[in-house]
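Below: my_file_15.txt (compact mmCIF, C-alpha atoms)
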# COMPACT_ATOMS: atom_id res chain seq x y z
CA MET L 26 -14.83 19.17 -1.77
CA LEU L 27 -15.21 15.69 -3.34
CA VAL L 28 -18.35 13.84 -2.31
CA ARG L 29 -18.34 10.63 -4.33
CA CYS L 30 -17.67 9.02 -7.68
CA CYS L 31 -19.85 6.13 -8.73
CA SER L 32 -18.32 5.20 -12.08
CA ALA L 33 -15.66 6.00 -14.61
CA ARG L 34 -18.41 6.53 -17.23
CA GLY L 35 -19.87 9.30 -15.14
CA ILE L 36 -16.54 11.07 -14.88
CA ALA L 37 -16.05 10.85 -18.63
CA ALA L 38 -19.46 12.41 -19.13
CA CYS L 39 -18.38 15.42 -17.08
CA ALA L 40 -15.36 15.92 -19.29
CA GLY L 41 -17.51 16.29 -22.38
CA SER L 42 -17.63 14.26 -25.56
CA ASN L 43 -14.10 15.01 -26.72
CA GLY L 44 -12.63 12.19 -24.57
CA ARG L 45 -10.20 14.45 -22.68
CA ASP L 46 -8.84 13.35 -19.30
CA VAL L 47 -10.82 14.45 -16.33
CA SER L 48 -9.14 16.59 -13.70
CA ALA L 49 -10.28 18.52 -10.68
CA THR L 50 -9.89 21.84 -12.51
CA ALA L 51 -11.62 20.60 -15.67
CA VAL L 52 -14.85 19.58 -14.00
CA ALA L 53 -14.94 21.89 -11.00
CA GLY L 54 -18.03 24.04 -10.99
CA ARG L 55 -19.68 22.11 -13.85
CA CYS L 56 -20.40 18.70 -12.38
CA VAL L 57 -23.02 18.06 -9.74
CA ALA L 58 -24.08 14.77 -8.16
CA GLY L 59 -26.40 12.85 -10.42
CA LYS L 60 -25.97 15.08 -13.48
CA ASP L 61 -24.82 13.45 -16.72
CA GLY L 62 -24.31 10.15 -14.86
CA CYS L 63 -21.49 11.54 -12.74
CA GLY L 64 -21.14 10.86 -9.06
CA TRP L 65 -18.59 13.61 -8.30
CA ARG L 66 -19.60 16.80 -6.53
CA TRP L 67 -17.29 19.75 -6.04
CA ALA L 68 -17.59 22.82 -3.81
CA GLY L 69 -16.08 25.82 -5.60
CA ARG L 70 -13.76 25.88 -8.59
CA ARG L 71 -10.24 24.48 -9.04
CA GLU L 72 -10.43 22.37 -5.86
CA THR L 73 -8.22 19.26 -5.65
CA PRO L 74 -10.18 16.08 -4.74
CA ALA L 75 -9.42 14.49 -1.37
CA GLN L 76 -9.58 11.04 -2.92
CA VAL L 77 -9.04 10.02 -6.55
CA TRP L 78 -11.25 7.27 -7.93
CA SER L 79 -9.24 4.12 -8.54
CA VAL L 80 -10.06 0.85 -10.24
CA ALA L 81 -7.76 -0.92 -7.77
CA ASP L 82 -9.59 0.59 -4.81
CA GLU L 83 -12.94 -0.43 -6.21
CA ARG L 84 -11.75 -3.97 -6.82
CA PHE L 85 -10.30 -4.10 -3.31
CA GLN L 86 -13.64 -3.12 -1.79
CA GLU L 87 -15.43 -5.81 -3.78
CA ASN L 88 -12.93 -8.45 -2.68
CA LEU L 89 -13.11 -7.15 0.88
CA GLU L 90 -16.83 -7.91 0.96
CA ALA L 91 -16.02 -11.47 -0.14
CA ALA L 92 -13.37 -11.68 2.60
CA LYS L 93 -15.94 -10.60 5.19
CA ALA L 94 -18.30 -13.31 3.99
CA TYR L 95 -15.51 -15.91 4.26
CA TYR L 96 -14.60 -14.73 7.77
CA GLU L 97 -18.18 -15.07 8.98
CA GLN L 98 -18.09 -18.75 8.05
CA HIS L 99 -14.47 -19.63 8.93
CA TRP L 100 -13.45 -17.09 11.63
CA THR L 101 -10.16 -16.25 9.90
CA LEU L 102 -8.83 -14.50 6.81
CA CYS L 103 -6.03 -17.06 6.44
CA ALA L 104 -8.01 -18.84 3.75
CA PRO L 105 -6.45 -21.57 1.62
CA ARG L 106 -5.63 -20.48 -1.92
CA SER L 107 -8.53 -22.50 -3.30
CA ALA L 108 -11.17 -20.78 -1.14
CA SER L 109 -13.92 -18.69 -2.68
CA ALA L 110 -16.72 -16.50 -1.38
CA LEU L 111 -19.39 -14.50 -3.19
CA ASP L 112 -18.13 -16.11 -6.42
CA ARG L 113 -14.69 -14.54 -5.94
CA PRO L 114 -11.33 -16.35 -5.54
CA VAL L 115 -10.84 -14.80 -2.12
CA GLY L 116 -8.27 -17.38 -1.03
CA GLN L 117 -5.77 -16.50 -3.74
CA TRP L 118 -6.46 -12.79 -3.26
CA LEU L 119 -5.75 -12.93 0.48
CA SER L 120 -2.68 -15.09 -0.10
CA ASN L 121 -1.29 -12.46 -2.47
CA LEU L 122 -1.86 -9.73 0.11
CA ARG L 123 0.04 -11.74 2.75
CA ARG L 124 3.22 -11.66 0.67
CA PRO L 125 6.01 -9.54 2.20
CA GLY L 126 5.61 -5.90 1.18
CA ALA L 127 2.32 -6.45 -0.67
CA LEU L 128 0.58 -3.77 1.40
CA ALA L 129 3.55 -1.49 1.93
CA ASP L 130 2.03 1.23 -0.24
CA ARG L 131 -1.55 0.55 0.85
CA PRO L 132 -1.75 1.07 4.63
CA GLU L 133 -5.47 1.74 4.38
CA TRP L 134 -5.99 -1.72 2.86
CA GLU L 135 -4.03 -3.34 5.66
CA THR L 136 -6.10 -1.44 8.22
CA ALA L 137 -9.31 -2.66 6.59
CA LEU L 138 -8.15 -6.30 6.75
CA LEU L 139 -6.99 -6.00 10.37
CA ALA L 140 -10.37 -4.55 11.29
CA ILE L 141 -11.92 -7.86 10.21
CA ASP L 142 -9.23 -10.19 11.57
CA ALA L 143 -6.36 -9.02 13.79
CA ASP L 144 -4.43 -12.14 12.70
CA SER L 145 -5.10 -11.71 8.99
CA ASN L 146 -1.35 -11.84 8.26
CA PRO L 147 0.29 -13.78 11.10
CA ALA L 148 4.00 -14.43 11.50
CA TRP L 149 3.30 -18.18 11.39
CA PRO L 150 1.83 -20.44 8.69
CA ALA L 151 -1.71 -19.73 7.51
CA ASP L 152 -2.61 -23.42 7.91
CA TRP L 153 -1.80 -23.22 11.63
CA GLN L 154 -3.95 -20.12 11.99
CA ARG L 155 -6.92 -21.81 10.30
CA HIS L 156 -6.82 -24.71 12.76
CA TYR L 157 -6.36 -22.39 15.72
CA ALA L 158 -9.27 -20.17 14.67
CA ALA L 159 -11.56 -23.19 14.31
CA LEU L 160 -10.62 -24.50 17.77
CA ARG L 161 -10.95 -21.03 19.31
CA GLU L 162 -14.47 -20.57 17.99
CA LEU L 163 -15.39 -24.14 18.91
CA LEU L 164 -14.40 -23.55 22.52
CA ALA L 165 -15.95 -20.10 22.59
CA ASP L 166 -19.29 -21.51 21.42
CA GLU L 167 -19.25 -23.95 24.33
CA ASN L 168 -17.96 -21.32 26.76
CA ASP L 169 -15.26 -23.75 27.85
CA GLN L 170 -11.65 -22.57 27.79
CA ALA L 171 -10.03 -25.79 28.99
CA GLY L 172 -10.05 -27.71 25.71
CA GLN L 173 -13.30 -29.54 26.38
CA ILE L 174 -16.80 -29.46 24.92
CA GLY L 175 -19.61 -30.13 27.35
CA GLY L 176 -17.16 -31.96 29.63
CA THR L 177 -15.80 -34.13 26.79
CA GLU L 178 -12.25 -33.63 25.59
CA VAL L 179 -11.74 -32.61 21.95
CA LEU L 180 -10.31 -35.90 20.75
CA PRO L 181 -8.65 -36.71 17.44
CA GLY L 182 -11.30 -37.21 14.80
CA PHE L 183 -13.36 -34.16 15.75
CA THR L 184 -13.44 -32.12 12.54
CA VAL L 185 -14.44 -28.56 11.68
CA HIS L 186 -14.59 -27.51 8.01
CA GLY L 187 -12.76 -30.72 7.14
CA MET L 188 -9.92 -30.05 9.61
CA ASP L 189 -9.21 -32.60 12.34
CA ILE L 190 -9.13 -30.15 15.24
CA GLY L 191 -8.73 -32.84 17.89
CA LYS L 192 -5.62 -34.30 16.28
CA TRP L 193 -4.19 -30.84 15.65
CA ARG L 194 -4.73 -29.82 19.28
CA ALA L 195 -3.00 -32.96 20.56
CA ARG L 196 -0.08 -32.40 18.21
CA GLN L 197 0.50 -28.85 19.49
CA ARG L 198 0.87 -30.20 23.03
CA LYS L 199 3.75 -32.50 22.15
CA PRO L 200 6.98 -31.11 23.63
CA ALA L 201 8.82 -31.01 20.29
CA ALA L 202 5.91 -29.30 18.52
CA TRP L 203 5.43 -26.85 21.39
CA ALA L 204 9.13 -25.93 21.32
CA ALA L 205 8.85 -25.19 17.60
CA LEU L 206 6.03 -22.66 18.08
CA THR L 207 6.60 -18.93 18.23
CA ASP L 208 5.81 -16.95 21.38
CA GLY L 209 2.68 -15.62 19.69
CA GLN L 210 1.42 -19.11 18.91
CA ARG L 211 2.04 -20.36 22.45
CA GLU L 212 0.32 -17.29 23.89
CA ARG L 213 -2.80 -17.95 21.82
CA LEU L 214 -2.93 -21.60 22.81
CA GLU L 215 -2.44 -20.76 26.48
CA GLN L 216 -5.36 -18.35 26.27
CA LEU L 217 -7.46 -21.38 25.35
CA GLY L 218 -6.10 -23.32 28.31
CA ILE L 219 -3.85 -25.46 26.12
CA THR L 220 -0.40 -26.28 27.50
CA PRO L 221 2.25 -28.84 26.55
CA PHE L 222 2.08 -32.38 27.86
CA THR L 223 3.96 -32.86 31.12
CA PRO L 224 6.22 -35.94 31.06
CA ALA L 225 5.23 -38.51 33.67
CA LEU L 226 7.45 -38.44 36.71
CA GLU L 227 9.59 -41.47 37.50
CA PRO L 228 8.85 -43.30 40.76
CA GLU L 229 10.80 -41.95 43.73
CA THR L 230 12.49 -45.33 44.12
CA SER L 231 14.11 -44.96 40.72
CA ALA L 232 17.87 -44.65 41.00
CA LYS L 233 17.95 -41.92 38.39
CA ALA L 234 15.53 -40.21 36.10
CA SER L 235 15.55 -41.35 32.52
CA THR L 236 15.39 -38.87 29.69
CA PRO L 237 12.94 -39.81 26.94
CA ALA L 238 14.65 -40.21 23.59
CA VAL L 239 13.99 -37.50 21.03
CA SER L 240 13.80 -38.69 17.45
CA ALA L 241 15.75 -37.09 14.62
CA PHE L 242 12.44 -35.97 13.14
CA ASP L 243 11.44 -34.17 16.34
CA ARG L 244 14.83 -32.50 16.57
CA GLY L 245 14.46 -31.28 13.01
CA VAL L 246 10.96 -29.97 13.72
CA ALA L 247 12.20 -28.08 16.76
CA ALA L 248 15.16 -26.68 14.81
CA LEU L 249 13.02 -25.52 11.91
CA GLY L 250 10.49 -23.94 14.26
CA GLN L 251 13.30 -22.10 16.04
CA TYR L 252 14.77 -20.94 12.73
CA ASN L 253 11.38 -19.76 11.47
CA ALA L 254 10.68 -17.86 14.70
CA ARG L 255 14.03 -16.08 14.38
CA THR L 256 14.06 -15.33 10.64
CA GLY L 257 10.40 -15.44 9.60
CA SER L 258 11.24 -17.93 6.86
CA VAL L 259 11.53 -21.67 6.28
CA THR L 260 13.93 -21.25 3.35
CA VAL L 261 17.19 -22.72 4.66
CA SER L 262 20.52 -23.09 2.88
CA ARG L 263 21.78 -26.64 2.46
CA GLY L 264 24.76 -26.14 4.74
CA HIS L 265 22.97 -24.35 7.58
CA VAL L 266 23.34 -25.84 11.08
CA GLU L 267 20.81 -24.85 13.77
CA THR L 268 21.75 -25.15 17.44
CA LEU L 269 18.94 -26.04 19.83
CA PRO L 270 18.72 -24.65 23.40
CA ASP L 271 20.18 -27.90 24.82
CA GLY L 272 23.23 -27.52 22.59
CA THR L 273 22.18 -30.11 20.02
CA GLU L 274 23.26 -29.18 16.50
CA VAL L 275 20.89 -30.00 13.65
CA LYS L 276 22.00 -29.91 10.01
CA LEU L 277 18.76 -28.17 9.14
CA GLY L 278 19.28 -27.67 5.41
CA VAL L 279 20.10 -31.33 4.88
CA TRP L 280 17.25 -32.40 7.18
CA ILE L 281 14.67 -30.47 5.13
CA MET L 282 15.91 -31.98 1.88
CA ASN L 283 15.71 -35.46 3.39
CA GLN L 284 12.14 -34.93 4.60
CA LYS L 285 11.10 -33.69 1.16
CA SER L 286 12.58 -36.75 -0.56
CA ARG L 287 10.90 -39.11 1.94
CA ARG L 288 7.53 -37.37 2.15
CA THR L 289 5.69 -40.07 0.19
CA LYS L 290 6.50 -42.52 3.01
CA PHE L 291 5.31 -40.26 5.85
CA ASN L 292 2.03 -40.72 7.69
CA THR L 293 -0.53 -37.92 7.86
CA ASP L 294 0.69 -36.74 11.29
CA LYS L 295 4.22 -36.10 10.06
CA LEU L 296 3.02 -34.39 6.90
CA ALA L 297 0.65 -32.20 8.92
CA THR L 298 3.51 -31.24 11.25
CA LEU L 299 5.71 -30.24 8.31
CA ALA L 300 2.87 -28.35 6.65
CA GLY L 301 2.17 -26.55 9.91
CA LEU L 302 5.75 -25.29 9.90
CA GLY L 303 5.18 -23.73 6.48
CA LEU L 304 6.71 -26.32 4.14
CA GLU L 305 4.29 -26.10 1.24
CA TRP L 306 5.50 -29.30 -0.44
CA ALA L 307 4.16 -31.25 2.57
CA THR L 308 0.59 -30.40 1.50
CA ALA L 309 1.03 -31.38 -2.16

Spell out the structure here as structure tokens.
Amino acid sequence: MLVRCCSARGIAACAGSNGRDVSATAVAGRCVAGKDGCGWRWAGRRETPAQVWSVADERFQENLEAAKAYYEQHWTLCAPRSASALDRPVGQWLSNLRRPGALADRPEWETALLAIDADSNPAWPADWQRHYAALRELLADENDQAGQIGGTEVLPGFTVHGMDIGKWRARQRKPAAWAALTDGQRERLEQLGITPFTPALEPETSAKASTPAVSAFDRGVAALGQYNARTGSVTVSRGHVETLPDGTEVKLGVWIMNQKSRRTKFNTDKLATLAGLGLEWATA
């Protein structure tokens, strides 16, 4: 039975000085823990090890410790690519692991990440998850699940780790932004007591209710959110047309190209909305 391996040097020592590859049958019965610098221990001869020492596994464990350190400070593993912890580029490492299929052959790695953060690889943009996690912990610290701190509403300008949580919270409540969210995102916000703004009712004396105008930008946001929720992607072909629940058709591919070409003229709110949908060029 394999107990432990502490280093590749120790394994090589068990194989002798001729540099041959180490195998379970080659070292079985000869190597004991601590002898010749080896950390393997075998019970009996010719026994196959239950776990083979791997450089990748060792590196994963080292990066995992950095990820834990980051989570303790930021309450999420959806770190930006530039983030570091314990002198390791943990942001880029976690971003690589969130790529589709990156953990397909490493279920034990995925389990280890989920044990730290159940939303370590959400179906929505990592930037959205970072803001949500900050607001969640902020409200949890104050034991107030209605979007207030000590009786004061979280207003725009209230920042956590450089993120304007107040502005982000208000933006999620806008009808167009709310419609663009996935069911999972809405569920998480509702658990914090956050719901969409309710349009003010017209006076009863009004002859007929007026419908607030929806801008082309808001329609595009809603269409892209709907497309992302259905496909898991924000990569849209130029000719694609997305139909909203009210029957409105949005030329989504053209809309995205237009927003990209006009992004230098957008205010921070619009850019943040686009970035929250997963359009990386909106954060450049």

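Using only C-alpha atoms, the nearest neighbour of Ala204 (chain L) within the list L:Ala140, L:Val261, L:Ala254, L:Ala92 is L:Ala254.
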
Excluding same-chain residues fewer than 4 positions from Phe85 (chain L), what lies within 8 Å of it counting all atoms listed in the file, as a PDB file with C-alpha atoms, in the frame of the given file?
ATOM      1  CA  ALA L  81      -7.760  -0.920  -7.770  1.00  0.00           C
ATOM      2  CA  LEU L  89     -13.110  -7.150   0.880  1.00  0.00           C
ATOM      3  CA  TRP L 134      -5.990  -1.720   2.860  1.00  0.00           C
TER       4      TRP L 134
END

Grab the CA of Phe291 (chain L) to CA of Asp271 (chain L) distance for me, in Å with one decimal place.
27.1 Å

To one decimal in Å, tell me the separation between CA of Gln210 (chain L) and CA of Pro150 (chain L).
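Straight-line distance from CA of Gln210 (chain L) to CA of Pro150 (chain L) works out to 10.3 Å.
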
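Relative to CA of Arg244 (chain L), CA of Ala297 (chain L) is found at 16.1 Å.
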
Within 12 Å of Tyr96 (chain L), counting all atoms listed in the file, which residues qualify if same-chain residues fewer than 5 places away don't, as a short mmCIF file (atom, residue, chain, number, x, y, z; two decimals) with C-alpha atoms, in the frame of the given file?
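Below is the file that was written, part-v1.cif:
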data_model
loop_
_atom_site.label_atom_id
_atom_site.label_comp_id
_atom_site.auth_asym_id
_atom_site.auth_seq_id
_atom_site.Cartn_x
_atom_site.Cartn_y
_atom_site.Cartn_z
CA LEU L 89 -13.11 -7.15 0.88
CA GLU L 90 -16.83 -7.91 0.96
CA ALA L 91 -16.02 -11.47 -0.14
CA THR L 101 -10.16 -16.25 9.90
CA LEU L 102 -8.83 -14.50 6.81
CA CYS L 103 -6.03 -17.06 6.44
CA ALA L 104 -8.01 -18.84 3.75
CA ALA L 108 -11.17 -20.78 -1.14
CA SER L 109 -13.92 -18.69 -2.68
CA ALA L 110 -16.72 -16.50 -1.38
CA LEU L 111 -19.39 -14.50 -3.19
CA VAL L 115 -10.84 -14.80 -2.12
CA GLY L 116 -8.27 -17.38 -1.03
CA LEU L 119 -5.75 -12.93 0.48
CA LEU L 138 -8.15 -6.30 6.75
CA LEU L 139 -6.99 -6.00 10.37
CA ALA L 140 -10.37 -4.55 11.29
CA ILE L 141 -11.92 -7.86 10.21
CA ASP L 142 -9.23 -10.19 11.57
CA ALA L 143 -6.36 -9.02 13.79
CA ASP L 144 -4.43 -12.14 12.70
CA SER L 145 -5.10 -11.71 8.99
CA ARG L 155 -6.92 -21.81 10.30
CA ALA L 158 -9.27 -20.17 14.67
CA ALA L 159 -11.56 -23.19 14.31
CA GLU L 162 -14.47 -20.57 17.99
#

Residues within 8 Å of Leu249 (chain L), please, as a PyMOL selection string. Count all atoms listed in the file; anything in the same chain fewer than 3 positions from it doesn't count.
chain L and resi 205+245-246+252-253+259+277+302

Would you mind telling me which residue in L:Arg124, L:Arg194, L:Lys276, L:Arg113 lies nearest to Arg263 (chain L) when using all atoms listed in the file?
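For Arg263 (chain L), the nearest of the given residues is L:Lys276.
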
Compile the contact shell of Ala201 (chain L) as an NGL selection string: residues with an atom at most 10 Å away, counting all atoms listed in the file, same-chain residues fewer than 5 positions apart removed.
:L and (196 or 206 or 221 or 239-240 or 242-248 or 250)

Mind dumping the selected residues with C-alpha atoms as a CSV table (one decimal), in the coordinates of the input?
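Saved as out.csv:
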chain,number,residue,atom,x,y,z
L,196,ARG,CA,-0.1,-32.4,18.2
L,206,LEU,CA,6.0,-22.7,18.1
L,221,PRO,CA,2.2,-28.8,26.6
L,239,VAL,CA,14.0,-37.5,21.0
L,240,SER,CA,13.8,-38.7,17.4
L,242,PHE,CA,12.4,-36.0,13.1
L,243,ASP,CA,11.4,-34.2,16.3
L,244,ARG,CA,14.8,-32.5,16.6
L,245,GLY,CA,14.5,-31.3,13.0
L,246,VAL,CA,11.0,-30.0,13.7
L,247,ALA,CA,12.2,-28.1,16.8
L,248,ALA,CA,15.2,-26.7,14.8
L,250,GLY,CA,10.5,-23.9,14.3

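The smallest atom-to-atom distance between Gly218 (chain L) and any of L:Leu164, L:Leu269, L:Ile281, L:Ala151, using only C-alpha atoms, is found for L:Leu164.
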
For Pro125 (chain L): contacts at 12 Å, only C-alpha atoms, fewer than 6 positions along chain excluded, given as number ranges by chain
L: 146-148, 257-258

Once you've located region 83-187 of chain L in the structure I gave, write it as a PDB file, in the first residue's frame, keeping C-alpha atoms.
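And here is the file that came out, result-v8.pdb:
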ATOM      1  CA  GLU L  83       1.701  18.980  -6.651  1.00  0.00           C
ATOM      2  CA  ARG L  84       1.461  22.268  -8.523  1.00  0.00           C
ATOM      3  CA  PHE L  85      -2.333  22.157  -8.240  1.00  0.00           C
ATOM      4  CA  GLN L  86      -2.142  21.768  -4.468  1.00  0.00           C
ATOM      5  CA  GLU L  87       0.230  24.715  -4.200  1.00  0.00           C
ATOM      6  CA  ASN L  88      -2.048  26.896  -6.308  1.00  0.00           C
ATOM      7  CA  LEU L  89      -5.060  25.660  -4.361  1.00  0.00           C
ATOM      8  CA  GLU L  90      -3.544  27.031  -1.165  1.00  0.00           C
ATOM      9  CA  ALA L  91      -3.178  30.401  -2.911  1.00  0.00           C
ATOM     10  CA  ALA L  92      -6.811  30.170  -4.057  1.00  0.00           C
ATOM     11  CA  LYS L  93      -7.917  29.547  -0.467  1.00  0.00           C
ATOM     12  CA  ALA L  94      -6.000  32.620   0.661  1.00  0.00           C
ATOM     13  CA  TYR L  95      -7.663  34.703  -2.071  1.00  0.00           C
ATOM     14  CA  TYR L  96     -11.126  33.403  -1.129  1.00  0.00           C
ATOM     15  CA  GLU L  97     -10.645  34.347   2.519  1.00  0.00           C
ATOM     16  CA  GLN L  98     -10.128  37.951   1.456  1.00  0.00           C
ATOM     17  CA  HIS L  99     -12.569  38.212  -1.471  1.00  0.00           C
ATOM     18  CA  TRP L 100     -15.247  35.539  -0.770  1.00  0.00           C
ATOM     19  CA  THR L 101     -15.099  34.154  -4.315  1.00  0.00           C
ATOM     20  CA  LEU L 102     -12.793  32.186  -6.605  1.00  0.00           C
ATOM     21  CA  CYS L 103     -13.881  34.237  -9.632  1.00  0.00           C
ATOM     22  CA  ALA L 104     -10.737  36.315  -9.354  1.00  0.00           C
ATOM     23  CA  PRO L 105      -9.718  38.739 -12.101  1.00  0.00           C
ATOM     24  CA  ARG L 106      -6.838  37.518 -14.242  1.00  0.00           C
ATOM     25  CA  SER L 107      -4.466  39.990 -12.619  1.00  0.00           C
ATOM     26  CA  ALA L 108      -5.113  38.750  -9.058  1.00  0.00           C
ATOM     27  CA  SER L 109      -2.362  37.151  -7.003  1.00  0.00           C
ATOM     28  CA  ALA L 110      -2.129  35.472  -3.618  1.00  0.00           C
ATOM     29  CA  LEU L 111       0.811  33.955  -1.772  1.00  0.00           C
ATOM     30  CA  ASP L 112       3.023  35.315  -4.576  1.00  0.00           C
ATOM     31  CA  ARG L 113       1.195  33.184  -7.147  1.00  0.00           C
ATOM     32  CA  PRO L 114      -0.779  34.397 -10.206  1.00  0.00           C
ATOM     33  CA  VAL L 115      -3.940  32.800  -8.875  1.00  0.00           C
ATOM     34  CA  GLY L 116      -6.242  34.913 -11.049  1.00  0.00           C
ATOM     35  CA  GLN L 117      -4.853  33.608 -14.330  1.00  0.00           C
ATOM     36  CA  TRP L 118      -4.709  30.074 -12.940  1.00  0.00           C
ATOM     37  CA  LEU L 119      -8.374  30.100 -11.909  1.00  0.00           C
ATOM     38  CA  SER L 120      -9.365  31.708 -15.204  1.00  0.00           C
ATOM     39  CA  ASN L 121      -7.667  28.876 -17.088  1.00  0.00           C
ATOM     40  CA  LEU L 122      -9.525  26.286 -15.018  1.00  0.00           C
ATOM     41  CA  ARG L 123     -12.873  27.948 -15.818  1.00  0.00           C
ATOM     42  CA  ARG L 124     -12.406  27.325 -19.537  1.00  0.00           C
ATOM     43  CA  PRO L 125     -14.850  24.771 -20.981  1.00  0.00           C
ATOM     44  CA  GLY L 126     -13.502  21.248 -20.532  1.00  0.00           C
ATOM     45  CA  ALA L 127     -10.434  22.346 -18.546  1.00  0.00           C
ATOM     46  CA  LEU L 128     -11.315  20.005 -15.673  1.00  0.00           C
ATOM     47  CA  ALA L 129     -12.938  17.251 -17.704  1.00  0.00           C
ATOM     48  CA  ASP L 130     -10.129  14.820 -16.913  1.00  0.00           C
ATOM     49  CA  ARG L 131      -9.572  16.107 -13.379  1.00  0.00           C
ATOM     50  CA  PRO L 132     -12.822  15.642 -11.435  1.00  0.00           C
ATOM     51  CA  GLU L 133     -10.907  15.613  -8.166  1.00  0.00           C
ATOM     52  CA  TRP L 134      -9.571  19.099  -8.919  1.00  0.00           C
ATOM     53  CA  GLU L 135     -13.059  20.370  -9.641  1.00  0.00           C
ATOM     54  CA  THR L 136     -14.298  18.858  -6.379  1.00  0.00           C
ATOM     55  CA  ALA L 137     -11.518  20.604  -4.463  1.00  0.00           C
ATOM     56  CA  LEU L 138     -12.440  23.990  -5.973  1.00  0.00           C
ATOM     57  CA  LEU L 139     -16.162  23.517  -5.331  1.00  0.00           C
ATOM     58  CA  ALA L 140     -15.386  22.659  -1.719  1.00  0.00           C
ATOM     59  CA  ILE L 141     -13.987  26.185  -1.346  1.00  0.00           C
ATOM     60  CA  ASP L 142     -16.559  28.025  -3.459  1.00  0.00           C
ATOM     61  CA  ALA L 143     -19.722  26.393  -4.818  1.00  0.00           C
ATOM     62  CA  ASP L 144     -19.822  29.131  -7.482  1.00  0.00           C
ATOM     63  CA  SER L 145     -16.183  28.809  -8.491  1.00  0.00           C
ATOM     64  CA  ASN L 146     -17.190  28.308 -12.137  1.00  0.00           C
ATOM     65  CA  PRO L 147     -20.602  29.948 -12.612  1.00  0.00           C
ATOM     66  CA  ALA L 148     -22.646  29.957 -15.795  1.00  0.00           C
ATOM     67  CA  TRP L 149     -22.515  33.774 -15.806  1.00  0.00           C
ATOM     68  CA  PRO L 150     -19.610  36.242 -16.071  1.00  0.00           C
ATOM     69  CA  ALA L 151     -16.945  36.141 -13.361  1.00  0.00           C
ATOM     70  CA  ASP L 152     -17.174  39.929 -12.961  1.00  0.00           C
ATOM     71  CA  TRP L 153     -20.847  39.607 -11.974  1.00  0.00           C
ATOM     72  CA  GLN L 154     -19.993  36.913  -9.445  1.00  0.00           C
ATOM     73  CA  ARG L 155     -17.292  39.083  -7.849  1.00  0.00           C
ATOM     74  CA  HIS L 156     -19.750  41.930  -7.275  1.00  0.00           C
ATOM     75  CA  TYR L 157     -22.428  39.574  -6.005  1.00  0.00           C
ATOM     76  CA  ALA L 158     -20.045  37.879  -3.562  1.00  0.00           C
ATOM     77  CA  ALA L 159     -18.932  41.236  -2.169  1.00  0.00           C
ATOM     78  CA  LEU L 160     -22.537  42.377  -1.657  1.00  0.00           C
ATOM     79  CA  ARG L 161     -23.511  39.024  -0.143  1.00  0.00           C
ATOM     80  CA  GLU L 162     -20.744  39.166   2.437  1.00  0.00           C
ATOM     81  CA  LEU L 163     -21.424  42.835   3.110  1.00  0.00           C
ATOM     82  CA  LEU L 164     -25.047  42.098   3.950  1.00  0.00           C
ATOM     83  CA  ALA L 165     -24.170  38.962   5.876  1.00  0.00           C
ATOM     84  CA  ASP L 166     -21.758  40.914   8.078  1.00  0.00           C
ATOM     85  CA  GLU L 167     -24.550  43.328   8.965  1.00  0.00           C
ATOM     86  CA  ASN L 168     -27.106  40.519   9.325  1.00  0.00           C
ATOM     87  CA  ASP L 169     -29.445  42.462   7.060  1.00  0.00           C
ATOM     88  CA  GLN L 170     -30.897  40.680   4.032  1.00  0.00           C
ATOM     89  CA  ALA L 171     -32.924  43.586   2.651  1.00  0.00           C
ATOM     90  CA  GLY L 172     -30.120  45.472   0.905  1.00  0.00           C
ATOM     91  CA  GLN L 173     -29.423  47.832   3.789  1.00  0.00           C
ATOM     92  CA  ILE L 174     -26.569  48.343   6.229  1.00  0.00           C
ATOM     93  CA  GLY L 175     -27.552  49.486   9.694  1.00  0.00           C
ATOM     94  CA  GLY L 176     -30.801  50.882   8.274  1.00  0.00           C
ATOM     95  CA  THR L 177     -29.020  52.781   5.475  1.00  0.00           C
ATOM     96  CA  GLU L 178     -29.482  51.676   1.879  1.00  0.00           C
ATOM     97  CA  VAL L 179     -26.374  50.574  -0.040  1.00  0.00           C
ATOM     98  CA  LEU L 180     -26.173  53.573  -2.338  1.00  0.00           C
ATOM     99  CA  PRO L 181     -24.004  54.074  -5.408  1.00  0.00           C
ATOM    100  CA  GLY L 182     -20.513  55.014  -4.330  1.00  0.00           C
ATOM    101  CA  PHE L 183     -20.227  52.362  -1.623  1.00  0.00           C
ATOM    102  CA  THR L 184     -17.174  50.354  -2.671  1.00  0.00           C
ATOM    103  CA  VAL L 185     -15.706  47.014  -1.638  1.00  0.00           C
ATOM    104  CA  HIS L 186     -12.279  45.994  -2.982  1.00  0.00           C
ATOM    105  CA  GLY L 187     -12.540  48.842  -5.479  1.00  0.00           C
TER     106      GLY L 187
END
